[in-house]
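Visitor: Once you've had a glance at the structure underneath, I'll fire off some questions.
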Amino acid sequence: MTSIKSYDVIIVGAGSMGMSAGYYLARAGVRTLLIDAFDPPHREGSHHGEPRLIRHAYSGHPVYTDMAIRAHQLWNEVEDLTETHLLVQSGVLNITDPDLHSLSERIVEAAKHGVQAEKLDAAEMCRRWPGLDIPEHFEAMYEPAAGYLRSEACIHAYRALALSHGAELLTHTAVTGITARKGSVIIHTRNGKYHGSSAILTAGAWFSTLAPFVSLPVRAVRKVVGWFETSTPDFQTGRFPGFTLNTQEGGYYGFPNIGGAGLKIGRHDTGLEWKPGNPVLPFGSLQEDEGELRSVLEKYMPGAAGRLTKGAVCKYELSPDEDFIIDRHPQYPNILVAGGFSGHGFKFSSVVGEICSQLVMDKQPQHDIRPFALSRFEQQASPEPSFA
């Protein structure tokens, strides 16, 4: 009989959250195996098409602000350990139509947590960033210490750290099934079986492939982003911040023109549902792929509505309320599930990995993760917008 190789913890899905958890476990001396259907970083997950915003003052449950502050600290640690530049403090400008969404809660949370944040009117926004064309009644919150992460470089960094501490990584290895009992789990793959005392499931938009062993209320959605040529230097990195834009046209987010690539913009809401195994329509397959992005730029940032230089497609994994899911499996407490990061999770992947590693080692995280419990879906709340 062929023996099955055994580990303390097996991580299914080695994207941003999984790779981070793998490092923190391996660093603690835990025998760790990471399994991914592809070769991270890759184009099949939620981390494709960098960069990603990182900001600190959140509305909703205060745990998000706590976690964002910790995530920033951890990203700085990873930069130091790998001698890699991952986090650019460009500032983030959160622009909103106050008829749709108030910034008051975020301003209060910022003050409570010592996060530097300014409330700006439209005139002040346009004075500081002349490329903006903002209606008079709009308002904004500016976080000067926020910015953006080089997402694929972040995964490369966590991968290098995890492997340097003895974690093993299986790439191009799709999971075909999971069987478990108390204190034991078998991960079935096309390349064999692997045994673990515990497991962390971080399959992102691919969570439905793990059913029926675990069924999360997560919906995978195709999302597009585009990079547009700018006609003025007002949008260059170093002069223009990362941004979110909440308008009658929808919720958008974006980044300055980095290295001549063009201003990047994406839409947070809407999107086509996608099922694992089905083809993903490439950028440009739908008229609105470019059209919606361009029309918003023409209205609010006309100097950034030039030629489309590039388009990309990634995936959101939406929970019904757009809050995270971090909890133990309903039947198997030795198995942790982490998903539903809903398009605003990447910035948190450092701290989510830390939390997952602590939970699977039966340690108490420093953050209150009760808002992320699976049991909350028994009485589902309505989602409140939260941007990348």
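Every chain in the structure tokens takes a letter, A first, then B, and so on in the order presented; its residues are numbered from 1, and the ligands are numbered from 1 following the presented order.
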Applying 7 Å and only C-alpha atoms, which residues near region 59-67 of chain A remain after dropping the ones on its own chain fewer than 3 positions away? List them as a PDB file with C-alpha atoms, in the first residue's frame.

Guide:
ATOM      1  CA  HIS A  56      -7.274  52.150   6.959  1.00  0.00           C
ATOM      2  CA  ARG A  70      -2.178  45.545  11.462  1.00  0.00           C
ATOM      3  CA  ALA A  71      -2.060  44.541   7.792  1.00  0.00           C
ATOM      4  CA  GLU A 105     -18.750  56.888  10.028  1.00  0.00           C
ATOM      5  CA  ARG A 106     -15.317  56.529   8.439  1.00  0.00           C
ATOM      6  CA  PHE A 348      -5.946  42.394   4.463  1.00  0.00           C
ATOM      7  CA  VAL A 351      -3.315  39.908   8.592  1.00  0.00           C
ATOM      8  CA  HIS A 367      -8.788  40.699  16.424  1.00  0.00           C
ATOM      9  CA  ASP A 368     -12.492  40.125  17.033  1.00  0.00           C
TER      10      ASP A 368
END

Visitor: Taking the backbone alone, and naming residues the way the document does, which bits of region 61-170 of chain A are strand (DSSP E) by DSSP, as a PDB file with C-alpha atoms, in the first residue's frame?

Guide:
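That gives us out-v5.pdb:
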ATOM      1  CA  LEU A  87       3.589  49.204  -0.474  1.00  0.00           C
ATOM      2  CA  VAL A  88       3.474  52.671  -2.028  1.00  0.00           C
ATOM      3  CA  VAL A  92      -6.054  57.424  -1.046  1.00  0.00           C
ATOM      4  CA  LEU A  93      -8.867  59.849  -1.871  1.00  0.00           C
ATOM      5  CA  ASN A  94     -12.367  58.499  -1.181  1.00  0.00           C
ATOM      6  CA  ILE A  95     -14.776  60.637  -3.246  1.00  0.00           C
ATOM      7  CA  THR A  96     -18.517  60.353  -2.772  1.00  0.00           C
ATOM      8  CA  GLU A 118      -9.099  64.798   6.167  1.00  0.00           C
ATOM      9  CA  LYS A 119     -12.602  65.643   5.023  1.00  0.00           C
ATOM     10  CA  LEU A 120     -12.502  67.706   1.828  1.00  0.00           C
ATOM     11  CA  ASP A 121     -15.077  69.544  -0.233  1.00  0.00           C
ATOM     12  CA  GLU A 139     -17.165  65.436  -0.610  1.00  0.00           C
ATOM     13  CA  ALA A 140     -14.171  63.247   0.116  1.00  0.00           C
ATOM     14  CA  MET A 141     -12.002  61.739   2.809  1.00  0.00           C
ATOM     15  CA  TYR A 142      -8.267  61.749   2.150  1.00  0.00           C
ATOM     16  CA  GLU A 143      -5.914  59.332   3.922  1.00  0.00           C
ATOM     17  CA  GLY A 147      -1.771  53.850  -0.827  1.00  0.00           C
ATOM     18  CA  TYR A 148      -1.445  50.734  -2.920  1.00  0.00           C
ATOM     19  CA  LEU A 149       0.165  47.304  -2.909  1.00  0.00           C
ATOM     20  CA  GLU A 168       6.091  22.824   0.683  1.00  0.00           C
ATOM     21  CA  LEU A 169       4.133  24.027  -2.336  1.00  0.00           C
ATOM     22  CA  LEU A 170       2.328  21.892  -4.912  1.00  0.00           C
TER      23      LEU A 170
END

Visitor: Can you list every residue of region 74-193 of chain A that has an atom at most 8 Å from region 211-226 of chain A, with its nearest atom pair and the distance in Å to one decimal, using only C-alpha atoms, ordered by chain then number, as CSV?

Guide:
residue,atom,partner,partner_atom,distance
A:Gly177,CA,A:Phe213,CA,7.7
A:Ile178,CA,A:Phe213,CA,6.5
A:Thr179,CA,A:Phe213,CA,7.6

Visitor: Write the residues of the selection above to a file with N, CA and C atoms, as an mmCIF file, in the first residue's frame.

Guide:
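New file again_30.cif:
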data_model
loop_
_atom_site.group_PDB
_atom_site.id
_atom_site.type_symbol
_atom_site.label_atom_id
_atom_site.label_comp_id
_atom_site.auth_asym_id
_atom_site.auth_seq_id
_atom_site.Cartn_x
_atom_site.Cartn_y
_atom_site.Cartn_z
ATOM 1 N N GLY A 177 -11.245 16.398 -3.983
ATOM 2 C CA GLY A 177 -12.128 16.016 -2.899
ATOM 3 C C GLY A 177 -11.441 16.156 -1.553
ATOM 4 N N ILE A 178 -12.248 16.213 -0.509
ATOM 5 C CA ILE A 178 -11.742 16.312 0.864
ATOM 6 C C ILE A 178 -12.556 15.361 1.730
ATOM 7 N N THR A 179 -11.866 14.567 2.530
ATOM 8 C CA THR A 179 -12.534 13.741 3.530
ATOM 9 C C THR A 179 -11.909 14.046 4.876
#

Visitor: Using only C-alpha atoms, which residues sit within 8 Å of region 239-246 of chain A once same-chain residues fewer than 3 positions away are excluded, as a ChimeraX atom specification?

Guide: /A:53,90-97,100-101,129,147-148,233-236,249-256,387-388

Visitor: Let's have the selection written as a PDB file, in the first residue's frame, with N, CA and C atoms.

Guide:
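Output saved as result.pdb:
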ATOM      1  N   LEU A  53      -5.493  48.676  -3.671  1.00  0.00           N
ATOM      2  CA  LEU A  53      -5.510  49.743  -2.672  1.00  0.00           C
ATOM      3  C   LEU A  53      -5.322  49.196  -1.267  1.00  0.00           C
ATOM      4  N   SER A  90       0.842  56.399  -1.554  1.00  0.00           N
ATOM      5  CA  SER A  90       0.428  57.442  -2.485  1.00  0.00           C
ATOM      6  C   SER A  90      -0.658  58.329  -1.910  1.00  0.00           C
ATOM      7  N   GLY A  91      -1.254  57.903  -0.768  1.00  0.00           N
ATOM      8  CA  GLY A  91      -2.488  58.504  -0.299  1.00  0.00           C
ATOM      9  C   GLY A  91      -3.667  57.895  -1.046  1.00  0.00           C
ATOM     10  N   VAL A  92      -4.824  57.889  -0.407  1.00  0.00           N
ATOM     11  CA  VAL A  92      -6.054  57.424  -1.046  1.00  0.00           C
ATOM     12  C   VAL A  92      -7.143  58.464  -0.806  1.00  0.00           C
ATOM     13  N   LEU A  93      -7.794  58.868  -1.897  1.00  0.00           N
ATOM     14  CA  LEU A  93      -8.867  59.849  -1.871  1.00  0.00           C
ATOM     15  C   LEU A  93     -10.193  59.132  -2.102  1.00  0.00           C
ATOM     16  N   ASN A  94     -11.053  59.138  -1.096  1.00  0.00           N
ATOM     17  CA  ASN A  94     -12.367  58.499  -1.181  1.00  0.00           C
ATOM     18  C   ASN A  94     -13.405  59.570  -1.506  1.00  0.00           C
ATOM     19  N   ILE A  95     -13.854  59.602  -2.754  1.00  0.00           N
ATOM     20  CA  ILE A  95     -14.776  60.637  -3.246  1.00  0.00           C
ATOM     21  C   ILE A  95     -16.187  60.071  -3.253  1.00  0.00           C
ATOM     22  N   THR A  96     -17.153  60.870  -2.800  1.00  0.00           N
ATOM     23  CA  THR A  96     -18.517  60.353  -2.772  1.00  0.00           C
ATOM     24  C   THR A  96     -19.539  61.445  -3.023  1.00  0.00           C
ATOM     25  N   ASP A  97     -20.646  61.031  -3.584  1.00  0.00           N
ATOM     26  CA  ASP A  97     -21.849  61.848  -3.666  1.00  0.00           C
ATOM     27  C   ASP A  97     -22.568  61.668  -2.330  1.00  0.00           C
ATOM     28  N   LEU A 100     -25.717  59.714  -1.769  1.00  0.00           N
ATOM     29  CA  LEU A 100     -25.685  58.252  -1.837  1.00  0.00           C
ATOM     30  C   LEU A 100     -25.020  57.619  -0.612  1.00  0.00           C
ATOM     31  N   HIS A 101     -23.990  58.272  -0.110  1.00  0.00           N
ATOM     32  CA  HIS A 101     -23.187  57.639   0.939  1.00  0.00           C
ATOM     33  C   HIS A 101     -22.497  58.702   1.776  1.00  0.00           C
ATOM     34  N   TRP A 129      -5.780  68.457  -6.648  1.00  0.00           N
ATOM     35  CA  TRP A 129      -5.587  67.535  -7.775  1.00  0.00           C
ATOM     36  C   TRP A 129      -6.329  68.106  -8.984  1.00  0.00           C
ATOM     37  N   GLY A 147      -2.437  53.950   0.466  1.00  0.00           N
ATOM     38  CA  GLY A 147      -1.771  53.850  -0.827  1.00  0.00           C
ATOM     39  C   GLY A 147      -2.158  52.590  -1.569  1.00  0.00           C
ATOM     40  N   TYR A 148      -1.148  51.941  -2.162  1.00  0.00           N
ATOM     41  CA  TYR A 148      -1.445  50.734  -2.920  1.00  0.00           C
ATOM     42  C   TYR A 148      -0.326  49.704  -2.789  1.00  0.00           C
ATOM     43  N   PRO A 233       0.212  65.654 -16.753  1.00  0.00           N
ATOM     44  CA  PRO A 233       1.001  65.009 -15.680  1.00  0.00           C
ATOM     45  C   PRO A 233       0.265  64.978 -14.342  1.00  0.00           C
ATOM     46  N   ASP A 234      -0.946  65.527 -14.289  1.00  0.00           N
ATOM     47  CA  ASP A 234      -1.677  65.598 -13.021  1.00  0.00           C
ATOM     48  C   ASP A 234      -2.001  64.227 -12.443  1.00  0.00           C
ATOM     49  N   PHE A 235      -1.993  63.205 -13.304  1.00  0.00           N
ATOM     50  CA  PHE A 235      -2.382  61.874 -12.843  1.00  0.00           C
ATOM     51  C   PHE A 235      -1.190  60.948 -12.603  1.00  0.00           C
ATOM     52  N   GLN A 236       0.016  61.487 -12.699  1.00  0.00           N
ATOM     53  CA  GLN A 236       1.199  60.658 -12.527  1.00  0.00           C
ATOM     54  C   GLN A 236       1.348  60.219 -11.060  1.00  0.00           C
ATOM     55  N   GLU A 249     -23.402  56.796 -11.103  1.00  0.00           N
ATOM     56  CA  GLU A 249     -23.022  55.848 -12.150  1.00  0.00           C
ATOM     57  C   GLU A 249     -22.532  54.515 -11.592  1.00  0.00           C
ATOM     58  N   GLY A 250     -22.274  54.459 -10.290  1.00  0.00           N
ATOM     59  CA  GLY A 250     -21.779  53.232  -9.681  1.00  0.00           C
ATOM     60  C   GLY A 250     -20.588  53.508  -8.785  1.00  0.00           C
ATOM     61  N   GLY A 251     -20.012  52.430  -8.256  1.00  0.00           N
ATOM     62  CA  GLY A 251     -18.848  52.527  -7.385  1.00  0.00           C
ATOM     63  C   GLY A 251     -17.587  52.139  -8.136  1.00  0.00           C
ATOM     64  N   TYR A 252     -16.603  53.024  -8.158  1.00  0.00           N
ATOM     65  CA  TYR A 252     -15.366  52.804  -8.903  1.00  0.00           C
ATOM     66  C   TYR A 252     -14.159  52.986  -7.989  1.00  0.00           C
ATOM     67  N   TYR A 253     -13.027  52.485  -8.430  1.00  0.00           N
ATOM     68  CA  TYR A 253     -11.768  52.641  -7.700  1.00  0.00           C
ATOM     69  C   TYR A 253     -10.652  52.715  -8.729  1.00  0.00           C
ATOM     70  N   GLY A 254      -9.516  53.260  -8.311  1.00  0.00           N
ATOM     71  CA  GLY A 254      -8.443  53.352  -9.286  1.00  0.00           C
ATOM     72  C   GLY A 254      -7.127  53.822  -8.688  1.00  0.00           C
ATOM     73  N   PHE A 255      -6.163  54.006  -9.600  1.00  0.00           N
ATOM     74  CA  PHE A 255      -4.772  54.253  -9.232  1.00  0.00           C
ATOM     75  C   PHE A 255      -4.172  55.277 -10.187  1.00  0.00           C
ATOM     76  N   PRO A 256      -3.130  55.973  -9.753  1.00  0.00           N
ATOM     77  CA  PRO A 256      -2.465  56.925 -10.646  1.00  0.00           C
ATOM     78  C   PRO A 256      -1.785  56.219 -11.814  1.00  0.00           C
ATOM     79  N   PHE A 387     -15.233  49.598  -0.913  1.00  0.00           N
ATOM     80  CA  PHE A 387     -14.455  49.638  -2.137  1.00  0.00           C
ATOM     81  C   PHE A 387     -13.103  48.990  -1.983  1.00  0.00           C
ATOM     82  N   ALA A 388     -12.537  48.564  -3.130  1.00  0.00           N
ATOM     83  CA  ALA A 388     -11.197  48.022  -3.160  1.00  0.00           C
ATOM     84  C   ALA A 388     -10.213  49.036  -2.633  1.00  0.00           C
TER      85      ALA A 388
END

Visitor: Between CA of Glu152 (chain A) and CA of Ile54 (chain A), what distance in Å does the model show, to one decimal?

Guide: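 Separation between CA of Glu152 (chain A) and CA of Ile54 (chain A): 14.4 Å.
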
Visitor: Between CA of Ser104 (chain A) and CA of Glu124 (chain A), what is the distance in Å, rounded to a tenth?

Guide: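 The value is 17.9 Å.
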
Visitor: Which residues, written as an NGL selection string, have at least one atom at most 10 Å from region 290-302 of chain A, with only C-alpha atoms counted and residues fewer than 4 positions away on the same chain left out?

Guide: :A and (130-135 or 224-228 or 230-232 or 235 or 245 or 247 or 249-250 or 252 or 263-267 or 283-286 or 306-308 or 311)

Visitor: Please provide as a PyMOL selection string all residues within 7 Å of Glu109 (chain A), with the sequence filter that same-chain residues fewer than 4 positions apart are discarded (counting only C-alpha atoms).

Guide: chain A and resi 57-58+105+113

Visitor: Can you spit out the residues from that selection as a JSON list (two decimals), in the first residue's frame, using C-alpha atoms?

Guide:
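Done, and the output landed in again13.json:
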[["chain", "number", "residue", "atom", "x", "y", "z"],
["A", 57, "ALA", "CA", -10.49, 53.99, 7.92],
["A", 58, "TYR", "CA", -13.43, 51.67, 7.26],
["A", 105, "GLU", "CA", -18.75, 56.89, 10.03],
["A", 113, "HIS", "CA", -7.99, 54.59, 15.77]]

Visitor: Could you please determine the separation between CA of Val12 (chain A) and CA of Lys315 (chain A) in Å, to one decimal place?

Guide: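 Taking CA of Val12 (chain A) and CA of Lys315 (chain A), their separation equals 17.8 Å.
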
Visitor: Taking the DSSP secondary structure from the backbone, can you list the residues of region 125-190 of chain A that are helix (DSSP H, G or I), as a list in words?

Guide: Met125, Cys126, Arg127, Arg128, Ser151, Glu152, Ala153, Cys154, Ile155, His156, Ala157, Tyr158, Arg159, Ala160, Leu161, Ala162, Leu163 and Ser164 of chain A

Visitor: Using the selection just defined, write its residues with C-alpha atoms as a PDB file, in the first residue's frame.

Guide:
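Final file, again.pdb:
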ATOM      1  CA  MET A 125     -10.191  68.360  -4.064  1.00  0.00           C
ATOM      2  CA  CYS A 126      -9.912  70.148  -7.396  1.00  0.00           C
ATOM      3  CA  ARG A 127      -7.348  72.595  -6.000  1.00  0.00           C
ATOM      4  CA  ARG A 128      -5.057  69.804  -4.775  1.00  0.00           C
ATOM      5  CA  SER A 151      -0.235  42.520  -5.485  1.00  0.00           C
ATOM      6  CA  GLU A 152       1.706  39.968  -7.506  1.00  0.00           C
ATOM      7  CA  ALA A 153       4.989  41.025  -5.895  1.00  0.00           C
ATOM      8  CA  CYS A 154       3.293  40.554  -2.510  1.00  0.00           C
ATOM      9  CA  ILE A 155       2.453  36.939  -3.320  1.00  0.00           C
ATOM     10  CA  HIS A 156       5.965  36.324  -4.647  1.00  0.00           C
ATOM     11  CA  ALA A 157       7.337  37.690  -1.364  1.00  0.00           C
ATOM     12  CA  TYR A 158       5.128  35.510   0.849  1.00  0.00           C
ATOM     13  CA  ARG A 159       5.896  32.499  -1.336  1.00  0.00           C
ATOM     14  CA  ALA A 160       9.638  33.012  -0.930  1.00  0.00           C
ATOM     15  CA  LEU A 161       9.280  33.447   2.826  1.00  0.00           C
ATOM     16  CA  ALA A 162       7.069  30.378   3.252  1.00  0.00           C
ATOM     17  CA  LEU A 163       9.423  28.148   1.270  1.00  0.00           C
ATOM     18  CA  SER A 164      12.477  29.526   3.072  1.00  0.00           C
TER      19      SER A 164
END

Visitor: Please provide as a PDB file with N, CA and C atoms, in the first residue's frame all residues within 10 Å of Asp8 (chain A), with the sequence filter that same-chain residues fewer than 5 positions apart are discarded (counting only C-alpha atoms).

Guide:
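Output below, filename selection_4.pdb:
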ATOM      1  N   LEU A  25       2.637  29.994   9.397  1.00  0.00           N
ATOM      2  CA  LEU A  25       2.691  28.643   9.966  1.00  0.00           C
ATOM      3  C   LEU A  25       4.106  28.069   9.897  1.00  0.00           C
ATOM      4  N   GLY A  29       7.264  26.829  12.798  1.00  0.00           N
ATOM      5  CA  GLY A  29       7.726  25.447  12.860  1.00  0.00           C
ATOM      6  C   GLY A  29       6.664  24.419  12.549  1.00  0.00           C
ATOM      7  N   VAL A  30       5.542  24.843  11.983  1.00  0.00           N
ATOM      8  CA  VAL A  30       4.454  23.927  11.635  1.00  0.00           C
ATOM      9  C   VAL A  30       4.731  23.316  10.258  1.00  0.00           C
ATOM     10  N   ARG A  31       4.641  21.984  10.173  1.00  0.00           N
ATOM     11  CA  ARG A  31       4.841  21.300   8.878  1.00  0.00           C
ATOM     12  C   ARG A  31       3.649  21.631   7.988  1.00  0.00           C
ATOM     13  N   THR A  32       3.930  22.391   6.920  1.00  0.00           N
ATOM     14  CA  THR A  32       2.858  23.006   6.123  1.00  0.00           C
ATOM     15  C   THR A  32       2.983  22.623   4.658  1.00  0.00           C
ATOM     16  N   LEU A  33       1.850  22.247   4.065  1.00  0.00           N
ATOM     17  CA  LEU A  33       1.760  22.000   2.631  1.00  0.00           C
ATOM     18  C   LEU A  33       0.746  22.959   2.034  1.00  0.00           C
ATOM     19  N   SER A 184      -8.221  14.973  11.741  1.00  0.00           N
ATOM     20  CA  SER A 184      -7.579  14.391  10.565  1.00  0.00           C
ATOM     21  C   SER A 184      -8.319  14.827   9.304  1.00  0.00           C
ATOM     22  N   HIS A 195      -2.263  13.875   3.712  1.00  0.00           N
ATOM     23  CA  HIS A 195      -2.902  13.853   5.018  1.00  0.00           C
ATOM     24  C   HIS A 195      -2.445  15.033   5.856  1.00  0.00           C
ATOM     25  N   GLY A 196      -3.402  15.623   6.575  1.00  0.00           N
ATOM     26  CA  GLY A 196      -3.065  16.692   7.508  1.00  0.00           C
ATOM     27  C   GLY A 196      -3.835  16.532   8.800  1.00  0.00           C
ATOM     28  N   SER A 197      -3.256  17.043   9.866  1.00  0.00           N
ATOM     29  CA  SER A 197      -4.011  17.091  11.121  1.00  0.00           C
ATOM     30  C   SER A 197      -5.084  18.169  11.050  1.00  0.00           C
ATOM     31  N   SER A 198      -4.766  19.252  10.326  1.00  0.00           N
ATOM     32  CA  SER A 198      -5.690  20.368  10.154  1.00  0.00           C
ATOM     33  C   SER A 198      -5.579  20.872   8.720  1.00  0.00           C
ATOM     34  N   ALA A 199      -6.530  21.722   8.345  1.00  0.00           N
ATOM     35  CA  ALA A 199      -6.494  22.305   7.003  1.00  0.00           C
ATOM     36  C   ALA A 199      -7.060  23.713   7.046  1.00  0.00           C
ATOM     37  N   VAL A 360      -5.647  27.997  13.424  1.00  0.00           N
ATOM     38  CA  VAL A 360      -5.390  26.582  13.172  1.00  0.00           C
ATOM     39  C   VAL A 360      -4.384  26.008  14.167  1.00  0.00           C
ATOM     40  N   MET A 361      -3.610  26.889  14.836  1.00  0.00           N
ATOM     41  CA  MET A 361      -2.722  26.464  15.912  1.00  0.00           C
ATOM     42  C   MET A 361      -3.400  26.587  17.278  1.00  0.00           C
TER      43      MET A 361
END
